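**Student:** File model15.cif below, mmCIF, N, CA and C atoms:
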data_protein
loop_
_atom_site.group_PDB
_atom_site.id
_atom_site.type_symbol
_atom_site.label_atom_id
_atom_site.label_comp_id
_atom_site.auth_asym_id
_atom_site.auth_seq_id
_atom_site.Cartn_x
_atom_site.Cartn_y
_atom_site.Cartn_z
ATOM 1 N N MET P 1 320.393 61.131 105.235
ATOM 2 C CA MET P 1 320.002 59.958 104.482
ATOM 3 C C MET P 1 319.373 58.917 105.399
ATOM 4 N N LYS P 2 320.016 58.729 106.575
ATOM 5 C CA LYS P 2 319.505 57.732 107.516
ATOM 6 C C LYS P 2 318.147 58.154 108.077
ATOM 7 N N ASN P 3 317.985 59.452 108.359
ATOM 8 C CA ASN P 3 316.711 59.951 108.876
ATOM 9 C C ASN P 3 315.603 59.796 107.841
ATOM 10 N N GLU P 4 315.966 60.017 106.597
ATOM 11 C CA GLU P 4 314.981 59.877 105.520
ATOM 12 C C GLU P 4 314.526 58.416 105.401
ATOM 13 N N LYS P 5 315.478 57.498 105.505
ATOM 14 C CA LYS P 5 315.151 56.068 105.432
ATOM 15 C C LYS P 5 314.268 55.668 106.607
ATOM 16 N N GLU P 6 314.586 56.130 107.793
ATOM 17 C CA GLU P 6 313.779 55.822 108.975
ATOM 18 C C GLU P 6 312.380 56.424 108.845
ATOM 19 N N ALA P 7 312.304 57.618 108.289
ATOM 20 C CA ALA P 7 311.007 58.265 108.102
ATOM 21 C C ALA P 7 310.140 57.464 107.125
ATOM 22 N N ILE P 8 310.754 56.977 106.072
ATOM 23 C CA ILE P 8 310.023 56.171 105.079
ATOM 24 C C ILE P 8 309.561 54.865 105.711
ATOM 25 N N GLU P 9 310.455 54.214 106.470
ATOM 26 C CA GLU P 9 310.078 52.965 107.136
ATOM 27 C C GLU P 9 308.943 53.195 108.137
ATOM 28 N N HIS P 10 309.024 54.296 108.859
ATOM 29 C CA HIS P 10 307.969 54.639 109.813
ATOM 30 C C HIS P 10 306.635 54.871 109.088
ATOM 31 N N GLU P 11 306.680 55.555 107.988
ATOM 32 C CA GLU P 11 305.471 55.825 107.202
ATOM 33 C C GLU P 11 304.871 54.523 106.648
ATOM 34 N N ILE P 12 305.727 53.631 106.186
ATOM 35 C CA ILE P 12 305.248 52.326 105.682
ATOM 36 C C ILE P 12 304.596 51.541 106.808
ATOM 37 N N GLY P 13 305.220 51.523 107.978
ATOM 38 C CA GLY P 13 304.639 50.827 109.131
ATOM 39 C C GLY P 13 303.296 51.403 109.526
ATOM 40 N N ARG P 14 303.170 52.708 109.513
ATOM 41 C CA ARG P 14 301.899 53.357 109.850
ATOM 42 C C ARG P 14 300.823 53.023 108.816
ATOM 43 N N ALA P 15 301.216 52.996 107.544
ATOM 44 C CA ALA P 15 300.254 52.659 106.483
ATOM 45 C C ALA P 15 299.792 51.212 106.626
ATOM 46 N N ARG P 16 300.692 50.306 106.980
ATOM 47 C CA ARG P 16 300.315 48.896 107.167
ATOM 48 C C ARG P 16 299.336 48.752 108.321
ATOM 49 N N ASP P 17 299.572 49.483 109.399
ATOM 50 C CA ASP P 17 298.652 49.423 110.536
ATOM 51 C C ASP P 17 297.261 49.893 110.127
ATOM 52 N N GLY P 18 297.199 50.931 109.330
ATOM 53 C CA GLY P 18 295.902 51.441 108.871
ATOM 54 C C GLY P 18 295.182 50.439 107.995
ATOM 55 N N VAL P 19 295.923 49.764 107.124
ATOM 56 C CA VAL P 19 295.316 48.755 106.248
ATOM 57 C C VAL P 19 294.782 47.599 107.087
ATOM 58 N N GLY P 20 295.561 47.183 108.088
ATOM 59 C CA GLY P 20 295.115 46.093 108.959
ATOM 60 C C GLY P 20 293.824 46.443 109.687
ATOM 61 N N ASP P 21 293.722 47.682 110.161
ATOM 62 C CA ASP P 21 292.501 48.114 110.844
ATOM 63 C C ASP P 21 291.311 48.093 109.899
ATOM 64 N N HIS P 22 291.521 48.533 108.663
ATOM 65 C CA HIS P 22 290.433 48.532 107.682
ATOM 66 C C HIS P 22 290.010 47.113 107.329
ATOM 67 N N ILE P 23 290.963 46.206 107.220
ATOM 68 C CA ILE P 23 290.629 44.811 106.921
ATOM 69 C C ILE P 23 289.843 44.200 108.075
ATOM 70 N N ASP P 24 290.244 44.493 109.315
ATOM 71 C CA ASP P 24 289.506 43.975 110.470
ATOM 72 C C ASP P 24 288.075 44.507 110.498
ATOM 73 N N GLU P 25 287.897 45.778 110.196
ATOM 74 C CA GLU P 25 286.555 46.361 110.166
ATOM 75 C C GLU P 25 285.701 45.729 109.073
ATOM 76 N N LEU P 26 286.291 45.518 107.901
ATOM 77 C CA LEU P 26 285.579 44.865 106.803
ATOM 78 C C LEU P 26 285.192 43.437 107.191
ATOM 79 N N ASP P 27 286.095 42.733 107.849
ATOM 80 C CA ASP P 27 285.809 41.367 108.310
ATOM 81 C C ASP P 27 284.635 41.367 109.286
ATOM 82 N N ARG P 28 284.618 42.298 110.224
ATOM 83 C CA ARG P 28 283.501 42.379 111.184
ATOM 84 C C ARG P 28 282.180 42.650 110.467
ATOM 85 N N ARG P 29 282.210 43.571 109.510
ATOM 86 C CA ARG P 29 280.970 43.876 108.784
ATOM 87 C C ARG P 29 280.480 42.687 107.972
ATOM 88 N N LEU P 30 281.394 41.969 107.317
ATOM 89 C CA LEU P 30 280.998 40.796 106.533
ATOM 90 C C LEU P 30 280.422 39.709 107.426
ATOM 91 N N ARG P 31 281.039 39.468 108.566
ATOM 92 C CA ARG P 31 280.515 38.452 109.489
ATOM 93 C C ARG P 31 279.142 38.839 110.011
ATOM 94 N N LYS P 32 278.938 40.118 110.258
ATOM 95 C CA LYS P 32 277.638 40.579 110.749
ATOM 96 C C LYS P 32 276.584 40.466 109.646
ATOM 97 N N THR P 33 276.961 40.801 108.416
ATOM 98 C CA THR P 33 276.026 40.775 107.301
ATOM 99 C C THR P 33 275.642 39.355 106.921
ATOM 100 N N PHE P 34 276.609 38.446 106.907
ATOM 101 C CA PHE P 34 276.372 37.080 106.450
ATOM 102 C C PHE P 34 276.317 36.092 107.611
ATOM 103 N N ASP P 35 275.656 36.469 108.694
ATOM 104 C CA ASP P 35 275.519 35.593 109.859
ATOM 105 C C ASP P 35 274.406 34.585 109.583
ATOM 106 N N ILE P 36 274.787 33.367 109.226
ATOM 107 C CA ILE P 36 273.829 32.339 108.819
ATOM 108 C C ILE P 36 272.956 31.921 109.991
ATOM 109 N N GLN P 37 273.527 31.825 111.183
ATOM 110 C CA GLN P 37 272.745 31.412 112.343
ATOM 111 C C GLN P 37 271.632 32.409 112.641
ATOM 112 N N ALA P 38 271.948 33.688 112.587
ATOM 113 C CA ALA P 38 270.929 34.703 112.864
ATOM 114 C C ALA P 38 269.839 34.671 111.797
ATOM 115 N N ALA P 39 270.238 34.514 110.537
ATOM 116 C CA ALA P 39 269.243 34.457 109.464
ATOM 117 C C ALA P 39 268.355 33.229 109.614
ATOM 118 N N ALA P 40 268.949 32.094 109.987
ATOM 119 C CA ALA P 40 268.164 30.872 110.160
ATOM 120 C C ALA P 40 267.201 31.007 111.330
ATOM 121 N N SER P 41 267.646 31.633 112.413
ATOM 122 C CA SER P 41 266.748 31.778 113.557
ATOM 123 C C SER P 41 265.617 32.763 113.258
ATOM 124 N N GLU P 42 265.885 33.773 112.452
ATOM 125 C CA GLU P 42 264.834 34.726 112.087
ATOM 126 C C GLU P 42 263.794 34.098 111.162
ATOM 127 N N HIS P 43 264.216 33.156 110.334
ATOM 128 C CA HIS P 43 263.325 32.573 109.328
ATOM 129 C C HIS P 43 263.032 31.107 109.596
ATOM 130 N N ALA P 44 263.021 30.709 110.861
ATOM 131 C CA ALA P 44 262.798 29.303 111.210
ATOM 132 C C ALA P 44 261.459 28.765 110.678
ATOM 133 N N PRO P 45 260.343 29.485 110.804
ATOM 134 C CA PRO P 45 259.084 28.935 110.273
ATOM 135 C C PRO P 45 259.122 28.714 108.754
ATOM 136 N N GLN P 46 259.736 29.645 108.036
ATOM 137 C CA GLN P 46 259.830 29.491 106.588
ATOM 138 C C GLN P 46 260.721 28.299 106.226
ATOM 139 N N LEU P 47 261.803 28.107 106.978
ATOM 140 C CA LEU P 47 262.678 26.972 106.721
ATOM 141 C C LEU P 47 261.970 25.652 106.996
ATOM 142 N N MET P 48 261.174 25.612 108.049
ATOM 143 C CA MET P 48 260.424 24.391 108.358
ATOM 144 C C MET P 48 259.399 24.104 107.257
ATOM 145 N N ALA P 49 258.709 25.135 106.786
ATOM 146 C CA ALA P 49 257.727 24.945 105.713
ATOM 147 C C ALA P 49 258.423 24.491 104.435
ATOM 148 N N GLY P 50 259.565 25.073 104.141
ATOM 149 C CA GLY P 50 260.319 24.658 102.960
ATOM 150 C C GLY P 50 260.785 23.220 103.072
ATOM 151 N N GLY P 51 261.212 22.825 104.260
ATOM 152 C CA GLY P 51 261.622 21.441 104.469
ATOM 153 C C GLY P 51 260.463 20.469 104.284
ATOM 154 N N ALA P 52 259.295 20.863 104.760
ATOM 155 C CA ALA P 52 258.111 20.015 104.586
ATOM 156 C C ALA P 52 257.749 19.901 103.106
ATOM 157 N N GLN P 53 257.852 20.991 102.383
ATOM 158 C CA GLN P 53 257.549 20.953 100.952
ATOM 159 C C GLN P 53 258.535 20.063 100.201
ATOM 160 N N VAL P 54 259.806 20.178 100.538
ATOM 161 C CA VAL P 54 260.810 19.329 99.883
ATOM 162 C C VAL P 54 260.553 17.871 100.222
ATOM 163 N N GLY P 55 260.182 17.593 101.474
ATOM 164 C CA GLY P 55 259.860 16.225 101.867
ATOM 165 C C GLY P 55 258.682 15.673 101.085
ATOM 166 N N PHE P 56 257.649 16.492 100.919
ATOM 167 C CA PHE P 56 256.472 16.067 100.149
ATOM 168 C C PHE P 56 256.860 15.808 98.693
ATOM 169 N N LEU P 57 257.593 16.749 98.111
ATOM 170 C CA LEU P 57 258.003 16.586 96.717
ATOM 171 C C LEU P 57 258.922 15.383 96.547
ATOM 172 N N ASP P 58 259.795 15.165 97.518
ATOM 173 C CA ASP P 58 260.703 14.025 97.448
ATOM 174 C C ASP P 58 259.924 12.715 97.452
ATOM 175 N N ARG P 59 258.921 12.653 98.252
ATOM 176 C CA ARG P 59 258.176 11.402 98.376
ATOM 177 C C ARG P 59 257.255 11.160 97.185
ATOM 178 N N PHE P 60 256.645 12.200 96.649
ATOM 179 C CA PHE P 60 255.589 11.999 95.663
ATOM 180 C C PHE P 60 255.873 12.521 94.257
ATOM 181 N N CYS P 61 256.801 13.453 94.092
ATOM 182 C CA CYS P 61 256.907 14.125 92.793
ATOM 183 C C CYS P 61 258.265 14.008 92.107
ATOM 184 N N PHE P 62 259.344 13.951 92.842
ATOM 185 C CA PHE P 62 260.669 13.997 92.221
ATOM 186 C C PHE P 62 260.983 12.706 91.471
ATOM 187 N N PRO P 63 261.624 12.827 90.328
ATOM 188 C CA PRO P 63 262.105 11.624 89.641
ATOM 189 C C PRO P 63 263.288 11.014 90.393
ATOM 190 N N LYS P 64 263.657 9.808 90.012
ATOM 191 C CA LYS P 64 264.707 9.078 90.718
ATOM 192 C C LYS P 64 266.049 9.810 90.672
ATOM 193 N N ALA P 65 266.361 10.474 89.577
ATOM 194 C CA ALA P 65 267.652 11.168 89.472
ATOM 195 C C ALA P 65 267.758 12.285 90.507
ATOM 196 N N VAL P 66 266.683 13.028 90.712
ATOM 197 C CA VAL P 66 266.703 14.120 91.695
ATOM 198 C C VAL P 66 266.797 13.547 93.099
ATOM 199 N N LYS P 67 266.084 12.442 93.357
ATOM 200 C CA LYS P 67 266.172 11.809 94.675
ATOM 201 C C LYS P 67 267.602 11.358 94.959
ATOM 202 N N LEU P 68 268.255 10.793 93.968
ATOM 203 C CA LEU P 68 269.639 10.353 94.142
ATOM 204 C C LEU P 68 270.550 11.546 94.410
ATOM 205 N N LEU P 69 270.327 12.633 93.686
ATOM 206 C CA LEU P 69 271.122 13.839 93.887
ATOM 207 C C LEU P 69 270.952 14.358 95.317
ATOM 208 N N LEU P 70 269.737 14.370 95.833
ATOM 209 C CA LEU P 70 269.497 14.824 97.200
ATOM 210 C C LEU P 70 270.140 13.882 98.207
ATOM 211 N N ARG P 71 270.038 12.592 97.979
ATOM 212 C CA ARG P 71 270.617 11.636 98.921
ATOM 213 C C ARG P 71 272.135 11.746 98.969
ATOM 214 N N LEU P 72 272.763 12.085 97.860
ATOM 215 C CA LEU P 72 274.215 12.231 97.839
ATOM 216 C C LEU P 72 274.653 13.648 98.208
ATOM 217 N N GLY P 73 273.912 14.631 97.753
ATOM 218 C CA GLY P 73 274.316 16.023 97.939
ATOM 219 C C GLY P 73 274.248 16.494 99.380
ATOM 220 N N ILE P 74 273.215 16.082 100.096
ATOM 221 C CA ILE P 74 273.070 16.534 101.481
ATOM 222 C C ILE P 74 274.190 15.982 102.364
ATOM 223 N N PRO P 75 274.490 14.675 102.312
ATOM 224 C CA PRO P 75 275.623 14.208 103.126
ATOM 225 C C PRO P 75 276.956 14.850 102.739
ATOM 226 N N ILE P 76 277.153 15.099 101.467
ATOM 227 C CA ILE P 76 278.395 15.757 101.038
ATOM 228 C C ILE P 76 278.455 17.167 101.617
ATOM 229 N N ALA P 77 277.342 17.875 101.618
ATOM 230 C CA ALA P 77 277.303 19.222 102.196
ATOM 231 C C ALA P 77 277.587 19.175 103.694
ATOM 232 N N VAL P 78 277.025 18.207 104.391
ATOM 233 C CA VAL P 78 277.256 18.084 105.834
ATOM 234 C C VAL P 78 278.729 17.777 106.105
ATOM 235 N N ILE P 79 279.313 16.892 105.331
ATOM 236 C CA ILE P 79 280.729 16.551 105.499
ATOM 237 C C ILE P 79 281.605 17.771 105.224
ATOM 238 N N THR P 80 281.246 18.552 104.219
ATOM 239 C CA THR P 80 282.012 19.751 103.888
ATOM 240 C C THR P 80 281.978 20.751 105.035
ATOM 241 N N VAL P 81 280.801 20.963 105.616
ATOM 242 C CA VAL P 81 280.677 21.898 106.741
ATOM 243 C C VAL P 81 281.496 21.397 107.924
ATOM 244 N N ALA P 82 281.423 20.092 108.201
ATOM 245 C CA ALA P 82 282.199 19.536 109.310
ATOM 246 C C ALA P 82 283.700 19.691 109.063
ATOM 247 N N ALA P 83 284.134 19.504 107.832
ATOM 248 C CA ALA P 83 285.555 19.657 107.508
ATOM 249 C C ALA P 83 286.000 21.106 107.676
ATOM 250 N N LYS P 84 285.152 22.049 107.296
ATOM 251 C CA LYS P 84 285.495 23.462 107.471
ATOM 252 C C LYS P 84 285.595 23.808 108.951
ATOM 253 N N LYS P 85 284.692 23.273 109.764
ATOM 254 C CA LYS P 85 284.753 23.508 111.202
ATOM 255 C C LYS P 85 286.053 22.954 111.771
ATOM 256 N N TYR P 86 286.393 21.746 111.361
ATOM 257 C CA TYR P 86 287.611 21.108 111.855
ATOM 258 C C TYR P 86 288.846 21.904 111.434
ATOM 259 N N ALA P 87 288.878 22.338 110.186
ATOM 260 C CA ALA P 87 290.025 23.113 109.699
ATOM 261 C C ALA P 87 290.137 24.441 110.439
ATOM 262 N N ALA P 88 289.005 25.078 110.701
ATOM 263 C CA ALA P 88 289.032 26.353 111.422
ATOM 264 C C ALA P 88 289.524 26.148 112.848
ATOM 265 N N SER P 89 289.120 25.053 113.480
ATOM 266 C CA SER P 89 289.566 24.811 114.848
ATOM 267 C C SER P 89 291.056 24.450 114.877
ATOM 268 N N ARG P 90 291.552 23.783 113.866
ATOM 269 C CA ARG P 90 292.975 23.414 113.811
ATOM 270 C C ARG P 90 293.844 24.638 113.542
ATOM 271 N N ASN P 91 293.312 25.619 112.824
ATOM 272 C CA ASN P 91 294.076 26.826 112.501
ATOM 273 C C ASN P 91 294.060 27.833 113.639
ATOM 274 N N GLY P 92 293.321 27.518 114.692
ATOM 275 C CA GLY P 92 293.246 28.445 115.809
ATOM 276 C C GLY P 92 292.207 29.517 115.622
ATOM 277 N N ASP P 93 291.362 29.388 114.623
ATOM 278 C CA ASP P 93 290.313 30.369 114.379
ATOM 279 C C ASP P 93 289.053 29.942 115.122
ATOM 280 N N GLU P 94 289.095 29.978 116.428
ATOM 281 C CA GLU P 94 287.972 29.502 117.235
ATOM 282 C C GLU P 94 286.713 30.325 116.972
ATOM 283 N N ASP P 95 286.879 31.604 116.599
ATOM 284 C CA ASP P 95 285.718 32.448 116.312
ATOM 285 C C ASP P 95 284.996 32.007 115.063
ATOM 286 N N ASP P 96 285.703 31.393 114.124
ATOM 287 C CA ASP P 96 285.114 31.000 112.849
ATOM 288 C C ASP P 96 284.308 29.713 112.930
ATOM 289 N N VAL P 97 284.479 28.935 113.994
ATOM 290 C CA VAL P 97 283.853 27.614 114.069
ATOM 291 C C VAL P 97 282.340 27.728 114.007
ATOM 292 N N GLY P 98 281.756 28.683 114.710
ATOM 293 C CA GLY P 98 280.295 28.817 114.742
ATOM 294 C C GLY P 98 279.711 29.394 113.468
ATOM 295 N N GLN P 99 280.514 29.934 112.596
ATOM 296 C CA GLN P 99 280.002 30.577 111.394
ATOM 297 C C GLN P 99 279.463 29.584 110.391
ATOM 298 N N PHE P 100 279.831 28.311 110.461
ATOM 299 C CA PHE P 100 279.428 27.344 109.457
ATOM 300 C C PHE P 100 278.206 26.565 109.871
ATOM 301 N N VAL P 101 277.714 26.786 111.065
ATOM 302 C CA VAL P 101 276.567 26.002 111.542
ATOM 303 C C VAL P 101 275.303 26.573 110.993
#
Translate this file's structure into structure tokens.
**Tutor:**
Amino acid sequence: MKNEKEAIEHEIGRARDGVGDHIDELDRRLRKTFDIQAAASEHAPQLMAGGAQVGFLDRFCFPKAVKLLLRLGIPIAVITVAAKKYAASRNGDEDDVGQFV
């Protein structure tokens, strides 16, 4: 009876280790796939052109409501990213800090 219980506990421990390895591999693949910094560096000219277009539209075409939304939305987004960086650094996830930039 005792050997059977130990065998079951050993099997559960081995299964947990396998699940942990699979989760780590999935995490690595997701970070590689959704690397915002790499995507931004690959598409820097397109991002600059898009920024120029938004600037032109903001100055000459957007109604006041959209301008207000941009003026409020961008700082809120920046604050959110900074808060996520701070939370990641406080949790000891130093690897995650660069993912939000």
**Student:** What gap, in Å, lies between atom N of Ser89 in chain P and CA of Leu70 in chain P?
**Tutor:**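 Calculated distance between atom N of Ser89 in chain P and CA of Leu70 in chain P is 27.5 Å.
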**Student:** Can you tell me, as lines of an AutoDock Vina configuration file, the centre and edge lengths (Å, one decimal) of the axis-aligned box enclosing all of range 12-31 of chain P's listed atoms after padding each side by 4 Å?
**Tutor:**
center_x = 292.4
center_y = 46.0
center_z = 108.4
size_x = 34.6
size_y = 23.2
size_z = 13.5
**Student:** In Å, with one decimal, what is the gap from CA of Leu68 in chain P to atom C of Ala44 in chain P?
**Tutor:** 26.1 Å
**Student:** Which distance in Å separates atom N of Ile12 in chain P and CA of Asp27 in chain P, to one decimal?
**Tutor:** 23.5 Å
**Student:** Determine which residues of chain P receive a DSSP assignment of alpha helix (DSSP H), computed from the backbone, and state them as a PyMOL selection string.
**Tutor:** chain P and resi 2-33+36-42+44-60+64-90
